[in-house]
$ cat input-v4.txt   # compact mmCIF, C-alpha atoms
# COMPACT_ATOMS: atom_id res chain seq x y z
CA MET A 262 9.76 20.34 -27.79
CA ASN A 263 8.70 22.86 -25.13
CA LYS A 264 11.56 24.61 -23.35
CA PHE A 265 11.07 25.93 -19.81
CA ASP A 266 13.27 27.33 -17.09
CA ALA A 267 11.64 24.98 -14.60
CA ILE A 268 9.34 21.96 -14.66
CA ILE A 269 7.36 21.14 -11.54
CA ILE A 270 5.77 17.68 -11.48
CA GLY A 271 2.79 17.78 -9.13
CA PHE A 272 0.43 20.56 -8.04
CA GLY A 273 1.00 20.19 -4.28
CA LYS A 274 1.66 22.79 -1.61
CA GLY A 275 5.40 22.99 -2.12
CA GLY A 276 5.23 22.85 -5.90
CA LYS A 277 2.47 25.40 -6.42
CA THR A 278 4.10 27.90 -4.03
CA LEU A 279 7.44 27.43 -5.75
CA ALA A 280 5.80 27.90 -9.17
CA THR A 281 4.52 31.32 -8.18
CA GLU A 282 7.90 32.28 -6.70
CA LEU A 283 9.75 31.33 -9.87
CA ALA A 284 7.17 32.90 -12.18
CA ASN A 285 7.37 36.18 -10.26
CA ARG A 286 11.11 36.09 -10.94
CA LYS A 287 10.28 35.87 -14.66
CA TRP A 288 11.08 32.17 -14.99
CA LYS A 289 9.04 30.23 -17.54
CA VAL A 290 7.44 27.44 -15.51
CA ALA A 291 5.54 24.26 -16.44
CA VAL A 292 3.38 22.65 -13.74
CA ILE A 293 2.30 19.12 -14.60
CA GLU A 294 -0.69 17.57 -12.84
CA ARG A 295 -2.16 14.25 -13.93
CA SER A 296 -5.64 14.85 -12.47
CA LYS A 297 -7.84 17.93 -12.75
CA GLU A 298 -9.34 16.81 -9.43
CA MET A 299 -5.99 17.39 -7.69
CA TYR A 300 -5.28 21.04 -8.44
CA GLY A 301 -3.82 22.36 -5.20
CA GLY A 302 -2.50 19.00 -4.08
CA THR A 303 -3.35 16.32 -1.55
CA CYS A 304 -4.13 18.65 1.36
CA ILE A 305 -7.04 20.59 -0.05
CA ASN A 306 -8.51 17.80 -2.17
CA ILE A 307 -8.28 14.52 -0.27
CA ALA A 308 -6.59 15.09 3.09
CA CYS A 309 -6.31 17.98 5.56
CA ILE A 310 -9.12 20.24 4.38
CA PRO A 311 -11.89 17.70 3.66
CA THR A 312 -11.17 15.60 6.76
CA LYS A 313 -10.98 18.62 9.05
CA SER A 314 -14.15 19.99 7.47
CA LEU A 315 -15.92 16.75 8.34
CA ALA A 316 -14.36 16.66 11.81
CA TYR A 317 -15.56 20.20 12.53
CA GLN A 318 -19.06 19.54 11.22
CA ALA A 319 -19.31 16.25 13.13
CA HIS A 320 -18.33 18.11 16.29
CA GLN A 321 -21.03 20.70 15.53
CA GLY A 322 -23.64 17.95 15.15
CA LYS A 323 -24.26 18.45 11.43
CA ASP A 324 -26.13 15.85 9.39
CA TYR A 325 -23.75 13.60 7.45
CA GLU A 326 -25.21 14.27 4.01
CA GLU A 327 -25.16 18.01 4.64
CA ALA A 328 -21.57 17.79 5.86
CA ILE A 329 -20.49 15.92 2.71
CA HIS A 330 -22.19 18.55 0.56
CA ASN A 331 -20.50 21.38 2.45
CA LYS A 332 -17.15 19.62 2.18
CA ASP A 333 -17.55 19.17 -1.58
CA GLN A 334 -18.41 22.84 -2.08
CA LEU A 335 -15.39 23.91 -0.04
CA ILE A 336 -13.02 21.70 -2.00
CA SER A 337 -14.41 22.82 -5.36
CA PHE A 338 -13.89 26.44 -4.37
CA LEU A 339 -10.32 25.90 -3.18
CA ARG A 340 -9.40 23.73 -6.15
CA GLN A 341 -10.58 26.37 -8.63
CA LYS A 342 -8.85 29.12 -6.67
CA ASN A 343 -5.58 27.18 -6.72
CA TYR A 344 -5.86 26.56 -10.46
CA ASP A 345 -6.65 30.20 -11.19
CA ASN A 346 -3.74 31.42 -9.06
CA LEU A 347 -1.30 29.59 -11.33
CA ASN A 348 -3.15 29.64 -14.64
CA GLN A 349 -3.59 33.42 -14.58
CA ASN A 350 0.16 33.94 -14.25
CA GLU A 351 1.58 34.62 -17.70
CA ASN A 352 4.81 32.80 -16.84
CA ILE A 353 3.12 29.55 -15.74
CA GLU A 354 1.65 26.85 -17.96
CA VAL A 355 -0.48 24.19 -16.26
CA ILE A 356 -0.28 20.94 -18.20
CA ASN A 357 -2.48 17.91 -17.52
CA GLY A 358 -1.16 14.41 -18.01
CA GLU A 359 1.08 11.61 -16.77
CA ALA A 360 4.70 12.72 -16.45
CA SER A 361 7.74 10.50 -16.89
CA PHE A 362 11.42 11.26 -17.31
CA LEU A 363 13.17 10.68 -20.61
CA SER A 364 16.47 12.06 -19.31
CA ASP A 365 17.65 14.32 -16.51
CA HIS A 366 16.42 17.39 -18.42
CA GLU A 367 13.48 15.95 -20.39
CA VAL A 368 9.99 15.04 -19.20
CA GLN A 369 7.34 13.33 -21.30
CA VAL A 370 3.67 14.12 -20.62
CA LYS A 371 0.90 11.85 -21.89
CA GLU A 372 -2.82 12.65 -21.90
CA ALA A 373 -5.67 11.32 -24.04
CA GLY A 374 -3.31 9.72 -26.52
CA GLU A 375 -1.26 12.88 -27.00
CA THR A 376 2.38 13.18 -26.00
CA LYS A 377 4.36 16.30 -25.19
CA ILE A 378 8.07 16.48 -24.47
CA LEU A 379 9.20 19.23 -22.11
CA THR A 380 12.73 20.24 -21.26
CA ALA A 381 14.07 22.46 -18.50
CA ASP A 382 17.28 23.44 -16.75
CA LYS A 383 15.77 22.65 -13.35
CA ILE A 384 13.11 20.11 -12.38
CA PHE A 385 11.15 19.74 -9.13
CA ILE A 386 9.26 16.57 -8.13
CA ASN A 387 6.19 17.15 -5.95
CA THR A 388 4.02 14.09 -6.60
CA GLY A 389 2.98 13.33 -3.01
CA ALA A 390 2.03 9.95 -1.59
CA GLU A 391 -0.67 7.33 -2.09
CA THR A 392 -2.53 4.84 0.07
CA ILE A 393 -0.89 1.48 0.75
CA ILE A 394 -3.31 -1.35 0.01
CA PRO A 395 -2.24 -4.42 2.03
CA THR A 396 -2.22 -7.90 0.52
CA ILE A 397 -5.35 -9.26 2.19
CA ASP A 398 -7.50 -11.92 0.56
CA GLY A 399 -10.58 -10.33 -1.03
CA ILE A 400 -9.61 -6.72 -0.37
CA GLN A 401 -9.09 -5.86 -4.04
CA ASP A 402 -12.41 -7.35 -5.14
CA SER A 403 -14.67 -6.10 -2.36
CA LYS A 404 -17.28 -3.47 -3.26
CA PHE A 405 -17.28 -2.16 0.29
CA VAL A 406 -13.59 -1.24 0.69
CA TYR A 407 -12.57 2.42 0.68
CA THR A 408 -9.43 4.50 1.04
CA SER A 409 -9.24 7.75 3.00
CA THR A 410 -10.02 9.46 -0.32
CA SER A 411 -12.94 7.43 -1.58
CA ILE A 412 -14.77 7.09 1.73
CA MET A 413 -15.38 10.84 1.78
CA ASP A 414 -17.33 10.50 -1.45
CA LEU A 415 -19.94 8.28 0.23
CA LYS A 416 -23.23 10.14 0.22
CA GLU A 417 -24.82 7.79 2.73
CA LEU A 418 -23.40 7.26 6.22
CA PRO A 419 -22.17 3.70 6.84
CA THR A 420 -24.09 1.99 9.62
CA LYS A 421 -21.13 -0.17 10.60
CA LEU A 422 -17.61 0.88 9.67
CA ALA A 423 -14.45 -1.16 10.14
CA ILE A 424 -11.09 0.60 9.94
CA ILE A 425 -8.03 -1.49 9.15
CA GLY A 426 -5.17 0.32 10.83
CA GLY A 427 -5.02 2.26 14.08
CA GLY A 428 -2.61 4.98 13.00
CA TYR A 429 -3.41 8.67 13.13
CA ILE A 430 -5.37 8.70 9.85
CA GLY A 431 -7.48 5.76 10.98
CA LEU A 432 -8.15 7.38 14.35
CA GLU A 433 -9.29 10.64 12.77
CA PHE A 434 -11.83 8.81 10.62
CA ALA A 435 -12.94 6.70 13.58
CA SER A 436 -13.67 9.85 15.54
CA ILE A 437 -15.40 11.58 12.63
CA TYR A 438 -17.68 8.73 11.60
CA SER A 439 -18.52 7.78 15.16
CA GLN A 440 -19.71 11.33 15.82
CA PHE A 441 -21.88 11.20 12.71
CA GLY A 442 -23.46 8.00 14.06
CA SER A 443 -21.56 5.05 12.57
CA GLN A 444 -20.72 2.07 14.73
CA VAL A 445 -16.92 1.99 14.37
CA THR A 446 -14.45 -0.83 14.97
CA VAL A 447 -10.71 -0.25 14.61
CA LEU A 448 -8.58 -3.30 13.78
CA GLU A 449 -4.96 -2.63 14.75
CA GLY A 450 -2.25 -5.23 14.28
CA SER A 451 0.07 -3.88 16.97
CA SER A 452 -0.22 -4.83 20.63
CA LYS A 453 0.24 -1.15 21.58
CA PHE A 454 -2.30 1.56 20.90
CA ILE A 455 -0.70 4.65 19.24
CA PRO A 456 2.80 3.40 20.13
CA LYS A 457 4.56 6.73 19.46
CA GLU A 458 2.74 8.34 22.39
CA ASP A 459 3.27 7.93 26.14
CA ARG A 460 1.13 5.20 27.68
CA ASP A 461 -0.88 7.62 29.85
CA VAL A 462 -1.73 9.59 26.69
CA ALA A 463 -2.66 6.45 24.75
CA GLU A 464 -4.82 5.22 27.62
CA ALA A 465 -6.65 8.56 27.83
CA VAL A 466 -7.38 8.51 24.08
CA LEU A 467 -8.56 4.90 24.31
CA GLN A 468 -10.87 5.73 27.20
CA THR A 469 -12.34 8.62 25.23
CA PHE A 470 -12.88 6.35 22.22
CA THR A 471 -14.62 3.81 24.44
CA LYS A 472 -16.98 6.50 25.75
CA LYS A 473 -17.83 7.32 22.14
CA ASN A 474 -18.56 3.64 21.42
CA ILE A 475 -15.51 3.21 19.19
CA GLU A 476 -14.19 -0.31 19.65
CA VAL A 477 -10.45 -0.78 19.25
CA LYS A 478 -9.18 -4.34 18.76
CA LEU A 479 -5.41 -4.67 19.22
CA LYS A 480 -3.26 -7.53 17.88
CA ALA A 481 -5.91 -7.98 15.18
CA LYS A 482 -4.49 -9.65 12.07
CA VAL A 483 -6.91 -9.31 9.17
CA ILE A 484 -7.12 -12.55 7.20
CA GLY A 485 -9.64 -11.78 4.49
CA LEU A 486 -12.86 -10.14 3.32
CA LYS A 487 -15.88 -11.80 1.76
CA ASP A 488 -18.72 -9.75 0.33
CA VAL A 489 -22.30 -10.68 1.12
CA LYS A 490 -25.55 -9.11 -0.08
CA ASP A 491 -25.48 -5.94 2.03
CA GLY A 492 -21.90 -5.68 3.17
CA THR A 493 -18.71 -7.60 3.73
CA VAL A 494 -17.51 -10.01 6.40
CA ILE A 495 -14.00 -9.42 7.75
CA SER A 496 -12.13 -12.40 9.13
CA PHE A 497 -9.35 -11.61 11.59
CA SER A 498 -7.40 -13.33 14.33
CA ILE A 499 -6.35 -12.17 17.79
CA ASP A 500 -3.85 -14.42 19.57
CA GLY A 501 -4.73 -17.20 17.13
CA ALA A 502 -8.48 -17.04 17.72
CA ILE A 503 -10.45 -16.40 14.50
CA GLN A 504 -13.22 -13.80 14.66
CA GLU A 505 -15.61 -12.34 12.10
CA LEU A 506 -17.13 -8.87 11.77
CA LYS A 507 -19.88 -7.91 9.34
CA VAL A 508 -19.88 -4.27 8.22
CA ASP A 509 -21.19 -2.20 5.33
CA ALA A 510 -17.94 -0.24 4.84
CA VAL A 511 -14.22 -0.89 5.34
CA LEU A 512 -11.64 1.89 5.45
CA VAL A 513 -8.07 0.87 4.65
CA ALA A 514 -5.78 3.10 6.72
CA THR A 515 -2.55 1.12 6.79
CA GLY A 516 -0.27 3.96 5.75
CA ARG A 517 0.85 5.89 2.69
CA LYS A 518 3.85 5.52 0.38
CA PRO A 519 5.70 7.98 -1.89
CA ASN A 520 4.03 8.30 -5.28
CA ILE A 521 6.82 7.54 -7.75
CA GLU A 522 5.13 4.97 -9.98
CA GLY A 523 5.43 5.83 -13.66
CA LEU A 524 7.93 8.66 -13.18
CA ASN A 525 10.74 6.58 -14.70
CA LEU A 526 13.22 8.08 -12.27
CA GLU A 527 15.94 5.75 -13.56
CA ALA A 528 16.05 7.64 -16.86
CA ALA A 529 16.99 10.80 -14.97
CA GLY A 530 19.40 9.09 -12.61
CA VAL A 531 17.30 10.00 -9.55
CA GLU A 532 17.94 7.58 -6.69
CA VAL A 533 15.34 6.28 -4.23
CA THR A 534 15.66 4.90 -0.71
CA ASP A 535 14.96 1.30 0.24
CA ARG A 536 11.47 2.47 1.30
CA GLY A 537 10.68 3.88 -2.12
CA ALA A 538 11.12 7.56 -1.30
CA ILE A 539 13.19 9.92 -3.42
CA LYS A 540 16.59 10.34 -1.79
CA VAL A 541 17.43 13.99 -1.01
CA ASP A 542 20.14 15.94 0.78
CA PRO A 543 19.38 18.58 3.47
CA SER A 544 18.72 21.14 0.69
CA LEU A 545 16.25 18.73 -0.97
CA LYS A 546 18.49 18.09 -3.97
CA THR A 547 18.21 14.59 -5.34
CA SER A 548 21.17 12.54 -6.60
CA VAL A 549 20.95 14.79 -9.69
CA PRO A 550 22.04 18.35 -8.69
CA HIS A 551 19.47 20.18 -10.85
CA ILE A 552 16.51 18.04 -9.69
CA TRP A 553 14.84 18.58 -6.31
CA ALA A 554 12.05 16.73 -4.48
CA LEU A 555 9.47 18.39 -2.21
CA GLY A 556 6.68 17.08 -0.01
CA ASP A 557 5.60 13.52 0.76
CA VAL A 558 7.42 11.96 -2.21
CA LYS A 559 10.75 12.36 -0.41
CA GLY A 560 9.55 10.45 2.67
CA GLY A 561 9.62 11.69 6.26
CA LEU A 562 6.89 13.73 7.90
CA GLN A 563 3.79 13.89 5.71
CA PHE A 564 2.32 17.28 6.56
CA THR A 565 1.33 20.11 4.24
CA TYR A 566 3.25 22.58 6.41
CA ILE A 567 6.39 20.50 5.86
CA SER A 568 5.80 20.83 2.12
CA LEU A 569 5.53 24.58 2.56
CA ASP A 570 8.81 24.63 4.44
CA ASP A 571 10.30 22.48 1.68
CA TYR A 572 9.50 25.36 -0.66
CA ARG A 573 11.36 27.75 1.65
CA ILE A 574 14.38 25.44 1.66
CA VAL A 575 14.42 25.22 -2.14
CA ARG A 576 13.96 28.99 -2.45
CA ASN A 577 16.90 29.52 -0.11
CA ASP A 578 18.96 27.02 -2.06
CA LEU A 579 18.21 28.72 -5.38
CA PHE A 580 18.37 32.37 -4.37
CA GLY A 581 19.65 32.61 -0.82
CA ASP A 582 22.65 31.79 1.31
CA HIS A 583 21.92 28.02 1.64
CA SER A 584 21.40 28.49 5.38
CA HIS A 585 17.96 26.89 5.63
CA THR A 586 17.90 23.08 5.42
CA THR A 587 15.96 20.13 6.79
CA ASN A 588 18.44 20.09 9.68
CA ASP A 589 16.53 23.05 11.13
CA ARG A 590 13.47 20.95 11.97
CA ASP A 591 14.03 20.17 15.63
CA ALA A 592 10.55 20.74 17.02
CA VAL A 593 7.84 20.19 14.43
CA PRO A 594 4.36 20.11 16.01
CA TYR A 595 1.51 17.89 14.82
CA SER A 596 -2.16 17.48 15.60
CA VAL A 597 -4.47 14.50 15.24
CA PHE A 598 -7.99 15.81 14.77
CA ILE A 599 -9.87 13.36 16.92
CA ASP A 600 -12.27 14.79 19.50
CA PRO A 601 -10.69 16.34 21.49
CA PRO A 602 -7.64 16.83 19.26
CA LEU A 603 -4.32 15.25 20.22
CA SER A 604 -1.32 17.50 19.62
CA ARG A 605 2.36 17.08 20.31
CA VAL A 606 5.72 18.79 19.84
CA GLY A 607 9.18 17.60 20.83
CA ILE A 608 9.92 14.35 22.61
CA SER A 609 7.67 12.27 24.84
CA GLU A 610 8.34 11.32 28.44
CA GLU A 611 9.18 7.76 27.40
CA ALA A 612 11.64 8.97 24.73
CA ALA A 613 13.32 11.33 27.20
CA THR A 614 13.72 8.51 29.72
CA GLU A 615 15.13 6.17 27.07
CA GLN A 616 17.68 8.85 26.18
CA GLY A 617 18.78 9.01 29.80
CA LEU A 618 17.69 12.61 30.25
CA GLU A 619 16.98 14.02 33.69
CA ILE A 620 13.49 15.46 33.37
CA LYS A 621 10.62 17.08 35.19
CA VAL A 622 7.06 16.26 34.16
CA ALA A 623 3.94 18.39 34.58
CA LYS A 624 0.33 17.31 33.98
CA LEU A 625 -2.87 19.29 34.11
CA PRO A 626 -6.38 17.90 33.59
CA SER A 627 -8.49 19.74 31.03
CA ALA A 628 -11.28 19.96 33.59
CA ALA A 629 -9.11 22.40 35.57
CA ILE A 630 -9.17 24.96 32.75
CA PRO A 631 -11.92 27.63 32.94
CA ARG A 632 -12.21 27.80 29.14
CA ALA A 633 -12.74 24.02 28.96
CA ARG A 634 -15.54 24.34 31.51
CA LEU A 635 -17.02 27.28 29.64
CA ILE A 636 -17.26 25.40 26.33
CA ASN A 637 -18.17 22.15 28.12
CA GLU A 638 -15.20 20.22 26.70
CA THR A 639 -13.35 18.91 29.74
CA GLU A 640 -12.02 15.64 28.31
CA GLY A 641 -8.27 14.99 28.38
CA PHE A 642 -5.17 16.59 29.87
CA LEU A 643 -2.01 18.59 29.12
CA LYS A 644 1.49 17.28 29.70
CA ALA A 645 4.92 18.90 29.50
CA ILE A 646 8.48 17.56 29.68
CA VAL A 647 11.26 19.87 30.92
CA ASP A 648 15.01 19.26 31.13
CA ALA A 649 15.80 19.29 34.86
CA LYS A 650 19.32 20.60 34.30
CA THR A 651 18.70 23.38 31.79
CA ASN A 652 15.02 24.25 32.39
CA LYS A 653 14.46 24.01 28.61
CA ILE A 654 11.18 22.59 27.34
CA LEU A 655 11.79 19.22 25.70
CA GLY A 656 8.25 18.45 24.62
CA ALA A 657 4.54 18.69 25.28
CA THR A 658 1.49 16.59 24.57
CA LEU A 659 -1.91 18.25 24.66
CA PHE A 660 -5.00 16.06 24.53
CA CYS A 661 -7.63 18.72 24.97
CA ALA A 662 -9.98 21.10 23.23
CA GLU A 663 -8.26 23.58 20.88
CA SER A 664 -4.90 21.84 21.34
CA SER A 665 -4.14 22.24 17.64
CA GLU A 666 -3.81 25.98 18.27
CA VAL A 667 -2.12 25.91 21.67
CA ILE A 668 0.61 23.48 20.57
CA ASN A 669 2.03 26.13 18.25
CA ILE A 670 2.76 28.38 21.22
CA VAL A 671 4.76 25.62 22.89
CA SER A 672 6.53 24.91 19.61
CA MET A 673 7.67 28.52 19.27
CA ALA A 674 8.91 28.53 22.86
CA ILE A 675 11.00 25.42 22.14
CA GLN A 676 12.34 26.70 18.83
CA THR A 677 13.42 30.01 20.35
CA GLY A 678 15.15 28.27 23.25
CA GLN A 679 12.94 29.61 26.02
CA ASP A 680 13.04 28.27 29.57
CA PHE A 681 9.77 26.78 30.83
CA THR A 682 9.34 29.91 32.95
CA PHE A 683 8.61 31.87 29.78
CA LEU A 684 5.28 30.08 29.37
CA ARG A 685 4.72 29.83 33.12
CA ASP A 686 4.83 33.62 33.47
CA HIS A 687 3.54 34.75 30.07
CA ILE A 688 0.43 36.95 30.04
CA PHE A 689 -2.35 35.24 28.06
CA THR A 690 -5.87 36.47 27.38
CA HIS A 691 -8.70 35.04 29.47
CA PRO A 692 -10.66 32.82 29.28
CA THR A 693 -8.62 30.79 26.76
CA MET A 694 -7.12 27.33 26.49
CA SER A 695 -3.66 28.83 25.97
CA GLU A 696 -3.63 30.39 29.44
CA ALA A 697 -3.60 26.83 30.80
CA LEU A 698 0.10 26.86 29.95
CA ASN A 699 0.56 29.15 32.98
CA ASP A 700 -0.86 26.49 35.28
CA LEU A 701 0.78 23.58 33.49
CA PHE A 702 4.31 24.95 33.76
CA SER A 703 3.70 26.28 37.28
CA GLN A 704 3.86 22.65 38.38
CA ILE A 705 7.55 22.53 37.44
CA LYS A 706 9.76 23.47 40.40
CA GLU A 707 12.94 25.42 39.68
$ encode --input "input-v4.txt" --output "structure tokens"
Amino acid sequence: MNKFDAIIIGFGKGGKTLATELANRKWKVAVIERSKEMYGGTCINIACIPTKSLAYQAHQGKDYEEAIHNKDQLISFLRQKNYDNLNQNENIEVINGEASFLSDHEVQVKEAGETKILTADKIFINTGAETIIPTIDGIQDSKFVYTSTSIMDLKELPTKLAIIGGGYIGLEFASIYSQFGSQVTVLEGSSKFIPKEDRDVAEAVLQTFTKKNIEVKLKAKVIGLKDVKDGTVISFSIDGAIQELKVDAVLVATGRKPNIEGLNLEAAGVEVTDRGAIKVDPSLKTSVPHIWALGDVKGGLQFTYISLDDYRIVRNDLFGDHSHTTNDRDAVPYSVFIDPPLSRVGISEEAATEQGLEIKVAKLPSAAIPRARLINETEGFLKAIVDAKTNKILGATLFCAESSEVINIVSMAIQTGQDFTFLRDHIFTHPTMSEALNDLFSQIKE
């Protein structure tokens, strides 16, 4: 039996950062990862980095095959760097294999017929999430169905691509593959396009997609898939009317679920929610006080920067004053890397109205921004929501070039409790997209 101070199951952002922290404090740490292709976690291997690499190269007009090659080289470099960062630390042992609990202090690891039993005083679960495959007739047997992971391994660009699911992941891939030259159709079951966003925002995104020849079919219920010689035929219904669509690739983008299969959490006494996520308190402790969960496996927002903040919370819980918890996350920004990117922080106009808040709303078209004109990217607009009584910024939605950078400025203003006048009167460099915040918030009357 191998005795450690800490066992970390999963090589994700939160887990790998925590491993280094503990090792530098002279803890003996075991990091278990079932796949050598996942060193560094979901973000760098199958999510943020590869998709954003493709999005950037599509925007630059790169050839698809060249873009895939560049993406693969980037991932290989980052994966090796992540492995070396941990493996070269004398207090960390990276162990490959499938992990499962034997008790609340014991973890069994199986690989290639060999079994190891590890024990530790403290255990951290960082196993991420996996794609949900819906129960659709023929979807499991089709040779033309891909997940967000496997589609990026295609060396040849699909001529016609269908995307089942119109969530943010599906929209990013729609934008990427359309720019590379695929004919893209999005099949979304809901009657509302991107329902979490205000309707003016959703309509603007939909109009942009239409200009890029991306077809979005709402209220589309997929019935089944049937492979033919050079592709697959998707049957779906809209308002009861059956339609068919022949494509040579199908991307399943119907969501992701916490990856807990095979962990045998019951043996450790770790409880899960009714949605299959590991149940945690604000300090990320599970139902077992010496076991924590970090990242996507605990449910909630599935962003790598949330996993990083999970590490900070655990660090504070272990070595600090217990002051930093998940309750601190009032204004977490996010970006959807379509073209132009859609970014948001705080609440939407619709949410503010539903809450009965008295608000002021400002909107600014991207075409009014000198930087947008300069780089010839004038699509979209900026929108801000301000509390009419307190002058505090409640939220902002930016559907414009470089919004993934600018949104962080708004986020910091919200988190530090600034009045909207702070951004209205702030001195920004010129010509930049961020200086548009001057004009946006100038529309709000005191």
$ closest_residue --input "input-v4.txt" --among "A:Glu282, A:Ala423, A:Leu524, A:Gly442" --to "Ile495 of chain A" --atoms "all atoms listed in the file"
A:Ala423
$ residues_around --input "input-v4.txt" --residues "Ser452 of chain A" --least-positions-apart "5" --cutoff "12 Å" --atoms "all atoms listed in the file" --output "compact mmCIF listing (two decimals) with C-alpha atoms, keeping the file's coordinate frame"
# COMPACT_ATOMS: atom_id res chain seq x y z
CA GLY A 427 -5.02 2.26 14.08
CA VAL A 477 -10.45 -0.78 19.25
CA LYS A 478 -9.18 -4.34 18.76
CA LEU A 479 -5.41 -4.67 19.22
CA LYS A 480 -3.26 -7.53 17.88
CA ALA A 481 -5.91 -7.98 15.18
CA LYS A 482 -4.49 -9.65 12.07
CA ILE A 499 -6.35 -12.17 17.79
CA ASP A 500 -3.85 -14.42 19.57
$ closest_residue --input "input-v4.txt" --among "A:Phe598, A:Gly271, A:Ala390, A:Ala674" --to "Gln563 of chain A" --atoms "all atoms listed in the file"
A:Ala390
$ closest_residue --input "input-v4.txt" --among "A:Gly530, A:Ser498, A:Ala514, A:Lys457" --to "Thr658 of chain A" --atoms "all atoms listed in the file"
A:Lys457
$ closest_atom_pairs --input "input-v4.txt" --of "segment 432-550 of chain A" --to "segment 366-378 of chain A" --cutoff "12 Å" --atoms "all atoms listed in the file" --output "CSV"
residue,atom,partner,partner_atom,distance
A:Gly523,CA,A:Gln369,CA,10.9
A:Leu524,CA,A:Val368,CA,9.0
A:Asn525,CA,A:Val368,CA,9.6
A:Leu526,CA,A:Val368,CA,10.3
A:Ala528,CA,A:Glu367,CA,9.4
A:Ala529,CA,A:His366,CA,7.5
A:Gly530,CA,A:His366,CA,10.6
A:Val531,CA,A:His366,CA,11.6
A:Val549,CA,A:His366,CA,10.2
A:Pro550,CA,A:His366,CA,11.3
$ atom_distance --input "input-v4.txt" --atom1 "atom CA of Thr614 of chain A" --atom2 "atom CA of Gly656 of chain A"
12.4 Å
$ residues_near_point --input "input-v4.txt" --point "(2.2, 23.5, 34.5)" --cutoff "8 Å" --atoms "only C-alpha atoms" --output "PyMOL selection string"
chain A and resi 623-625+644-645+685+697-705
$ atom_distance --input "input-v4.txt" --atom1 "atom CA of Val494 of chain A" --atom2 "atom CA of Val508 of chain A"
6.5 Å
$ atom_distance --input "input-v4.txt" --atom1 "atom CA of Phe683 of chain A" --atom2 "atom CA of Val667 of chain A"
14.7 Å
$ residues_around --input "input-v4.txt" --residues "Ala633 of chain A" --least-positions-apart "6" --cutoff "8 Å" --atoms "only C-alpha atoms" --output "ChimeraX atom specification"
/A:627,639,662,694
$ closest_residue --input "input-v4.txt" --among "A:Ile397, A:Ile412, A:Cys309, A:Val513" --to "Leu448 of chain A" --atoms "only C-alpha atoms"
A:Val513
$ closest_atom_pairs --input "input-v4.txt" --of "segment 285-308 of chain A" --to "segment 329-341 of chain A" --cutoff "12 Å" --atoms "all atoms listed in the file" --output "Markdown table"
| residue | atom | partner | partner_atom | distance |
| --- | --- | --- | --- | --- |
| A:Ser296 | CA | A:Arg340 | CA | 11.5 |
| A:Lys297 | CA | A:Arg340 | CA | 8.9 |
| A:Glu298 | CA | A:Arg340 | CA | 7.7 |
| A:Met299 | CA | A:Arg340 | CA | 7.4 |
| A:Tyr300 | CA | A:Arg340 | CA | 5.4 |
| A:Gly301 | CA | A:Arg340 | CA | 5.8 |
| A:Gly302 | CA | A:Arg340 | CA | 8.6 |
| A:Thr303 | CA | A:Arg340 | CA | 10.6 |
| A:Cys304 | CA | A:Ile336 | CA | 10.0 |
| A:Ile305 | CA | A:Ile336 | CA | 6.4 |
| A:Asn306 | CA | A:Ile336 | CA | 6.0 |
| A:Ile307 | CA | A:Ile336 | CA | 8.8 |
| A:Ala308 | CA | A:Ile336 | CA | 10.5 |
$ closest_residue --input "input-v4.txt" --among "A:Thr690, A:Thr493, A:Thr469, A:Thr396" --to "Pro602 of chain A" --atoms "all atoms listed in the file"
A:Thr469
$ residues_around --input "input-v4.txt" --residues "Lys313 of chain A" --least-positions-apart "3" --cutoff "10 Å" --atoms "only C-alpha atoms" --output "PyMOL selection string"
chain A and resi 308-310+316-319+332+433-434+437+597-599
$ closest_residue --input "input-v4.txt" --among "A:Tyr438, A:Phe272, A:Phe681, A:Tyr325" --to "Asn348 of chain A" --atoms "all atoms listed in the file"
A:Phe272
